[in-house]
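K.L.:
To be precise about what I am sending: the file is called model-v6.cif and holds mmCIF, C-alpha atoms.
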data_query
#
loop_
_atom_site.label_atom_id
_atom_site.label_comp_id
_atom_site.auth_asym_id
_atom_site.auth_seq_id
_atom_site.Cartn_x
_atom_site.Cartn_y
_atom_site.Cartn_z
CA MET A 1 20.62 35.34 1.04
CA ASN A 2 18.11 37.40 3.00
CA PRO A 3 15.36 35.58 4.84
CA GLY A 4 11.80 36.38 3.80
CA LYS A 5 8.57 37.18 5.56
CA SER A 6 6.49 34.41 7.10
CA LEU A 7 2.76 34.21 7.80
CA LEU A 8 0.98 31.51 9.81
CA VAL A 9 -2.76 31.23 9.08
CA LEU A 10 -4.69 29.17 11.63
CA GLY A 11 -8.37 28.29 11.71
CA GLY A 12 -10.86 25.51 12.09
CA VAL A 13 -12.14 23.30 9.29
CA ARG A 14 -13.99 25.41 6.69
CA SER A 15 -13.06 28.64 8.48
CA GLY A 16 -11.75 30.34 5.33
CA LYS A 17 -8.06 29.98 6.16
CA SER A 18 -7.09 28.51 2.78
CA ARG A 19 -8.98 31.19 0.84
CA LEU A 20 -7.33 33.90 2.94
CA ALA A 21 -3.88 32.37 2.39
CA GLU A 22 -4.51 32.09 -1.36
CA HIS A 23 -5.64 35.72 -1.48
CA ARG A 24 -2.51 36.84 0.39
CA ALA A 25 -0.29 34.79 -1.96
CA GLN A 26 -1.95 36.33 -5.02
CA ALA A 27 -1.66 39.83 -3.52
CA SER A 28 2.08 39.35 -2.91
CA GLY A 29 2.78 40.09 -6.57
CA ARG A 30 5.35 37.30 -6.59
CA GLU A 31 5.53 34.00 -8.42
CA VAL A 32 3.45 31.57 -6.31
CA VAL A 33 4.37 28.00 -5.50
CA TYR A 34 1.62 26.04 -3.75
CA ILE A 35 2.86 23.12 -1.65
CA ALA A 36 0.04 20.63 -1.13
CA THR A 37 0.39 18.15 1.72
CA ALA A 38 -2.93 16.34 1.21
CA THR A 39 -3.33 12.86 -0.21
CA ASP A 40 -6.71 11.36 -0.94
CA GLY A 41 -5.92 7.98 0.60
CA GLY A 42 -8.65 6.44 -1.54
CA ASP A 43 -11.30 8.60 0.16
CA ALA A 44 -13.93 10.19 -2.13
CA GLU A 45 -14.60 13.13 0.20
CA MET A 46 -10.90 13.98 0.41
CA ARG A 47 -10.62 13.72 -3.38
CA ALA A 48 -13.46 16.25 -3.65
CA ARG A 49 -11.74 18.62 -1.20
CA ILE A 50 -8.48 18.40 -3.12
CA ALA A 51 -10.32 19.03 -6.40
CA ALA A 52 -12.05 22.11 -4.95
CA HIS A 53 -8.69 23.54 -3.87
CA ARG A 54 -7.21 22.88 -7.34
CA VAL A 55 -10.10 24.64 -9.09
CA ARG A 56 -9.68 27.74 -6.89
CA ARG A 57 -5.96 28.13 -7.62
CA PRO A 58 -4.86 30.25 -10.57
CA ALA A 59 -3.56 28.14 -13.45
CA HIS A 60 -0.19 29.93 -13.49
CA TRP A 61 0.66 28.86 -9.93
CA THR A 62 3.09 25.97 -9.59
CA THR A 63 1.81 23.12 -7.42
CA VAL A 64 4.19 20.75 -5.65
CA GLU A 65 2.84 17.78 -3.72
CA ALA A 66 4.80 17.11 -0.53
CA PRO A 67 2.89 15.01 1.97
CA LEU A 68 6.05 14.11 3.93
CA ARG A 69 9.24 15.84 2.69
CA LEU A 70 8.11 19.36 3.54
CA VAL A 71 11.41 20.83 4.71
CA ASP A 72 13.31 19.57 1.65
CA THR A 73 10.55 20.92 -0.58
CA LEU A 74 10.61 24.33 1.11
CA GLN A 75 14.37 24.56 0.77
CA ALA A 76 14.08 23.70 -2.92
CA GLN A 77 11.16 26.02 -3.69
CA CYS A 78 11.64 29.14 -1.56
CA ALA A 79 13.36 31.96 -3.44
CA PRO A 80 13.53 35.75 -3.06
CA HIS A 81 11.12 36.28 -5.97
CA ARG A 82 8.56 33.72 -4.75
CA CYS A 83 5.67 33.39 -2.38
CA VAL A 84 5.39 29.80 -1.21
CA LEU A 85 2.08 28.68 0.29
CA VAL A 86 1.91 25.44 2.31
CA ASP A 87 -1.57 23.99 2.75
CA CYS A 88 -1.69 22.45 5.26
CA LEU A 89 0.62 21.70 8.15
CA THR A 90 -1.86 19.58 10.10
CA LEU A 91 -2.20 17.17 7.16
CA TRP A 92 1.60 16.97 6.99
CA LEU A 93 1.68 16.34 10.74
CA THR A 94 -1.00 13.65 10.35
CA HIS A 95 1.13 11.83 7.75
CA LEU A 96 4.08 11.93 10.16
CA LEU A 97 1.95 10.79 13.10
CA CYS A 98 0.51 7.87 11.12
CA ALA A 99 4.04 6.70 10.33
CA ASP A 100 4.14 5.86 14.07
CA ASP A 101 7.70 7.09 14.63
CA ALA A 102 7.61 9.79 17.30
CA ALA A 103 11.33 10.53 17.00
CA HIS A 104 11.06 11.07 13.24
CA MET A 105 8.02 13.33 13.67
CA ALA A 106 9.83 15.41 16.29
CA ALA A 107 12.91 15.64 14.08
CA GLN A 108 10.84 16.82 11.10
CA CYS A 109 9.07 19.48 13.21
CA ASP A 110 12.44 20.64 14.58
CA ALA A 111 13.87 20.74 11.04
CA LEU A 112 10.95 22.93 9.89
CA LEU A 113 11.50 25.35 12.76
CA GLU A 114 15.26 25.43 12.15
CA ALA A 115 14.79 26.10 8.41
CA LEU A 116 12.08 28.76 8.77
CA PRO A 117 14.30 31.78 9.58
CA HIS A 118 16.59 31.03 6.63
CA LEU A 119 13.98 30.61 3.88
CA PRO A 120 14.04 33.47 1.33
CA GLY A 121 10.96 35.09 -0.18
CA ASN A 122 7.49 35.04 1.32
CA LEU A 123 6.14 31.97 3.09
CA ILE A 124 2.51 31.35 4.04
CA LEU A 125 1.77 28.37 6.28
CA VAL A 126 -1.82 27.15 6.71
CA SER A 127 -2.83 24.90 9.59
CA ASN A 128 -5.95 23.75 11.42
CA GLU A 129 -6.31 25.13 14.93
CA THR A 130 -7.20 22.10 17.02
CA GLY A 131 -7.01 23.52 20.52
CA LEU A 132 -10.45 25.13 20.69
CA GLY A 133 -12.62 22.03 20.95
CA VAL A 134 -13.31 19.08 23.19
CA VAL A 135 -10.30 16.99 24.21
CA PRO A 136 -10.49 13.82 22.08
CA LEU A 137 -11.10 10.47 23.76
CA GLY A 138 -8.65 8.40 21.71
CA ALA A 139 -4.92 8.31 22.46
CA LEU A 140 -3.94 8.89 18.81
CA SER A 141 -6.25 11.91 18.57
CA ARG A 142 -4.83 13.36 21.78
CA ARG A 143 -1.28 12.88 20.48
CA PHE A 144 -2.27 14.70 17.29
CA VAL A 145 -3.87 17.64 19.14
CA ASP A 146 -0.85 17.90 21.45
CA ALA A 147 1.62 17.76 18.55
CA ALA A 148 -0.33 20.33 16.51
CA GLY A 149 -0.64 22.67 19.49
CA GLU A 150 3.08 22.46 20.22
CA LEU A 151 4.00 23.00 16.56
CA HIS A 152 1.65 26.01 16.30
CA GLN A 153 3.09 27.64 19.40
CA ARG A 154 6.63 27.23 18.15
CA LEU A 155 5.77 28.45 14.65
CA ALA A 156 3.82 31.45 15.98
CA ALA A 157 6.86 32.50 17.99
CA GLN A 158 8.99 32.53 14.82
CA CYS A 159 6.57 33.78 12.16
CA ASP A 160 6.42 37.48 11.35
CA GLU A 161 2.63 37.45 11.28
CA VAL A 162 -0.06 35.12 12.67
CA LEU A 163 -3.75 35.19 11.77
CA LEU A 164 -6.66 33.17 13.13
CA THR A 165 -9.54 32.77 10.69
CA VAL A 166 -13.08 32.41 12.04
CA ALA A 167 -16.18 32.45 9.81
CA GLY A 168 -14.06 33.73 6.93
CA LEU A 169 -12.76 36.68 8.94
CA PRO A 170 -9.08 37.06 9.83
CA LEU A 171 -8.20 37.98 13.39
CA THR A 172 -4.67 39.30 13.87
CA LEU A 173 -2.86 37.41 16.61
CA LYS A 174 0.58 38.78 15.73
CA ALA A 175 1.18 41.72 13.44
CA PRO A 176 4.32 42.07 11.33
CA ALA A 177 6.93 44.48 12.59
CA PRO A 178 6.77 47.88 10.85
#
Could you render the structure as structure tokens?

P.N.:
Amino acid sequence: MNPGKSLLVLGGVRSGKSRLAEHRAQASGREVVYIATATDGGDAEMRARIAAHRVRRPAHWTTVEAPLRLVDTLQAQCAPHRCVLVDCLTLWLTHLLCADDAAHMAAQCDALLEALPHLPGNLILVSNETGLGVVPLGALSRRFVDAAGELHQRLAAQCDEVLLTVAGLPLTLKAPAP
């Protein structure tokens, strides 16, 4: 089984990263599987965000909800004929962080990085860039920013392509090899 191509799309909240990732998935010409990591948690605003994402996606895309079991879901869904889009890694990381088990969170991040080179097809990972703002005051927020920054660095080193989205415009941080 040949590994596929991977793309990491980073950006701030409402930067256009999800739209860019969706456009790239559609342009791949492959069957698209959308892995959603969000849960509404009883929050009306989050429900509205999830609904907006659902409306934007083409009806023929398959959606799989995986707020925690991301690596297992990727291994089950990635295939040579598919483009799998994960939106978003920072929500997945938040679910792991809120479980308050640092060893489990580290193991899940390691498992993602170990699986990445072996996943067939195309893979697009979306994540919020958290390292461009003020350092948060709370300990939990600092742990989240540190964990996200570490995960992004490790993913960027492995992904074939890395984009940063600002104001709806993609900036190439790492171009795919010719």

K.L.:
Using all atoms listed in the file, can you tell me which of A:Pro67, A:Gly41, A:Gly138, A:Gly121 comes closest to Leu91 of chain A?

P.N.:
A:Pro67

K.L.:
Counting all atoms listed in the file, figure out which residue out of A:Leu85, A:Ala177, A:Leu74, A:Leu171 gets nearest to His23 of chain A.

P.N.:
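Checking each candidate against His23 of chain A, we get A:Leu85 as the closest.
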
K.L.:
Calculated over all atoms listed in the file, which of the candidates A:Gln75, A:Gln108, A:Thr90, A:Asn122 has the smallest distance to Ser28 of chain A?

P.N.:
A:Asn122

K.L.:
Which residues fall under the PyMOL selection byres ((chain A and resi 89) around 10) in this file, as a PyMOL selection string?

P.N.:
chain A and resi 8+10+36-38+67+70+86-88+90-95+125-128+148+151-152

K.L.:
Restricting the calculation to all atoms listed in the file, which member of A:Arg143, A:Arg82, A:Arg49, A:His118 is positioned closest to Arg14 of chain A?

P.N.:
A:Arg49

K.L.:
Which distance in Å separates atom CA of Lys17 of chain A and atom CA of Glu129 of chain A, to one decimal?

P.N.:
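Interatomic distance here is 10.2 Å.
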
K.L.:
Counting only C-alpha atoms, what is within 12 Å of Arg24 of chain A, bar same-chain residues fewer than 2 positions away, as a PyMOL selection string?

P.N.:
chain A and resi 6-9+17-22+26-30+32+83-85+122-126+163+170

K.L.:
At what distance in Å, to one decimal, does atom CA of Phe144 of chain A lie from atom CA of Ala99 of chain A?

P.N.:
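Computing the Euclidean distance for atom CA of Ala99 of chain A and atom CA of Phe144 of chain A yields 12.3 Å.
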
K.L.:
Find, counting all atoms listed in the file, the residue in A:Leu119, A:Met105, A:Leu173, A:Cys98 that gets nearest to Ala147 of chain A.

P.N.:
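The closest residue to Ala147 of chain A is A:Met105.
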
K.L.:
Can you measure atom CA of Gly11 of chain A to atom CA of Thr172 of chain A for me? One decimal in Å is fine.

P.N.:
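That distance, rounded to one decimal, is 11.8 Å.
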
K.L.:
Output the residue selection produced by the PyMOL selection byres ((chain A and resi 166) around 8) on the file above, formatted as a list of chain:residue names.

P.N.:
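In the shown coordinates, the PyMOL selection byres ((chain A and resi 166) around 8) covers A:Gly11, A:Gly12, A:Ser15, A:Gly16, A:Leu164, A:Thr165, A:Ala167, A:Gly168, A:Leu169, A:Pro170, A:Leu171.
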
K.L.:
In terms of the shortest atom-to-atom distance over only C-alpha atoms, which of A:Glu114, A:His104, A:Arg54, A:Gly131 is closest to Arg154 of chain A?

P.N.:
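Closest residue, counting only C-alpha atoms: A:Glu114.
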
K.L.:
Applied to the shown file, which residues does the PyMOL selection byres ((chain A and resi 160) around 7) return, written as a PyMOL selection string?

P.N.:
chain A and resi 5-7+158-159+161+176

K.L.:
Atoms are missing here; could segment 64-85 of chain A be completed with N, CA and C atoms and written as a PDB file, keeping the file's coordinate frame?

P.N.:
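Here's the written file rebuild15.pdb:
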ATOM      1  N   VAL A  64       3.269  21.819  -6.006  1.00  0.00           N
ATOM      2  CA  VAL A  64       4.190  20.750  -5.650  1.00  0.00           C
ATOM      3  C   VAL A  64       3.528  19.936  -4.543  1.00  0.00           C
ATOM      4  N   GLU A  65       3.429  18.639  -4.736  1.00  0.00           N
ATOM      5  CA  GLU A  65       2.840  17.780  -3.720  1.00  0.00           C
ATOM      6  C   GLU A  65       3.951  17.264  -2.813  1.00  0.00           C
ATOM      7  N   ALA A  66       3.781  17.513  -1.509  1.00  0.00           N
ATOM      8  CA  ALA A  66       4.800  17.110  -0.530  1.00  0.00           C
ATOM      9  C   ALA A  66       4.129  16.666   0.757  1.00  0.00           C
ATOM     10  N   PRO A  67       3.567  15.472   0.765  1.00  0.00           N
ATOM     11  CA  PRO A  67       2.890  15.010   1.970  1.00  0.00           C
ATOM     12  C   PRO A  67       3.838  14.716   3.135  1.00  0.00           C
ATOM     13  N   LEU A  68       5.103  14.456   2.860  1.00  0.00           N
ATOM     14  CA  LEU A  68       6.050  14.110   3.930  1.00  0.00           C
ATOM     15  C   LEU A  68       7.322  14.947   3.922  1.00  0.00           C
ATOM     16  N   ARG A  69       7.923  15.184   2.788  1.00  0.00           N
ATOM     17  CA  ARG A  69       9.240  15.840   2.690  1.00  0.00           C
ATOM     18  C   ARG A  69       9.100  17.357   2.594  1.00  0.00           C
ATOM     19  N   LEU A  70       8.424  17.934   3.575  1.00  0.00           N
ATOM     20  CA  LEU A  70       8.110  19.360   3.540  1.00  0.00           C
ATOM     21  C   LEU A  70       9.350  20.237   3.614  1.00  0.00           C
ATOM     22  N   VAL A  71      10.248  19.965   4.535  1.00  0.00           N
ATOM     23  CA  VAL A  71      11.410  20.830   4.710  1.00  0.00           C
ATOM     24  C   VAL A  71      12.283  20.823   3.459  1.00  0.00           C
ATOM     25  N   ASP A  72      12.527  19.650   2.894  1.00  0.00           N
ATOM     26  CA  ASP A  72      13.310  19.570   1.650  1.00  0.00           C
ATOM     27  C   ASP A  72      12.627  20.343   0.534  1.00  0.00           C
ATOM     28  N   THR A  73      11.312  20.230   0.457  1.00  0.00           N
ATOM     29  CA  THR A  73      10.550  20.920  -0.580  1.00  0.00           C
ATOM     30  C   THR A  73      10.625  22.430  -0.387  1.00  0.00           C
ATOM     31  N   LEU A  74      10.490  22.894   0.845  1.00  0.00           N
ATOM     32  CA  LEU A  74      10.610  24.330   1.110  1.00  0.00           C
ATOM     33  C   LEU A  74      11.987  24.848   0.728  1.00  0.00           C
ATOM     34  N   GLN A  75      13.018  24.117   1.098  1.00  0.00           N
ATOM     35  CA  GLN A  75      14.370  24.560   0.770  1.00  0.00           C
ATOM     36  C   GLN A  75      14.602  24.601  -0.735  1.00  0.00           C
ATOM     37  N   ALA A  76      13.939  23.716  -1.471  1.00  0.00           N
ATOM     38  CA  ALA A  76      14.080  23.700  -2.920  1.00  0.00           C
ATOM     39  C   ALA A  76      13.236  24.779  -3.602  1.00  0.00           C
ATOM     40  N   GLN A  77      12.110  25.126  -3.022  1.00  0.00           N
ATOM     41  CA  GLN A  77      11.160  26.020  -3.690  1.00  0.00           C
ATOM     42  C   GLN A  77      11.227  27.482  -3.254  1.00  0.00           C
ATOM     43  N   CYS A  78      11.608  27.744  -2.024  1.00  0.00           N
ATOM     44  CA  CYS A  78      11.640  29.140  -1.560  1.00  0.00           C
ATOM     45  C   CYS A  78      12.751  29.895  -2.268  1.00  0.00           C
ATOM     46  N   ALA A  79      12.407  31.103  -2.717  1.00  0.00           N
ATOM     47  CA  ALA A  79      13.360  31.960  -3.440  1.00  0.00           C
ATOM     48  C   ALA A  79      12.932  33.406  -3.216  1.00  0.00           C
ATOM     49  N   PRO A  80      13.863  34.341  -3.325  1.00  0.00           N
ATOM     50  CA  PRO A  80      13.530  35.750  -3.060  1.00  0.00           C
ATOM     51  C   PRO A  80      12.360  36.287  -3.883  1.00  0.00           C
ATOM     52  N   HIS A  81      12.169  35.776  -5.085  1.00  0.00           N
ATOM     53  CA  HIS A  81      11.120  36.280  -5.970  1.00  0.00           C
ATOM     54  C   HIS A  81       9.800  35.511  -5.829  1.00  0.00           C
ATOM     55  N   ARG A  82       9.733  34.582  -4.882  1.00  0.00           N
ATOM     56  CA  ARG A  82       8.560  33.720  -4.750  1.00  0.00           C
ATOM     57  C   ARG A  82       7.789  33.928  -3.462  1.00  0.00           C
ATOM     58  N   CYS A  83       6.515  33.574  -3.554  1.00  0.00           N
ATOM     59  CA  CYS A  83       5.670  33.390  -2.380  1.00  0.00           C
ATOM     60  C   CYS A  83       5.303  31.912  -2.379  1.00  0.00           C
ATOM     61  N   VAL A  84       5.687  31.222  -1.326  1.00  0.00           N
ATOM     62  CA  VAL A  84       5.390  29.800  -1.210  1.00  0.00           C
ATOM     63  C   VAL A  84       4.287  29.629  -0.170  1.00  0.00           C
ATOM     64  N   LEU A  85       3.242  28.923  -0.569  1.00  0.00           N
ATOM     65  CA  LEU A  85       2.080  28.680   0.290  1.00  0.00           C
ATOM     66  C   LEU A  85       2.028  27.194   0.601  1.00  0.00           C
TER      67      LEU A  85
END
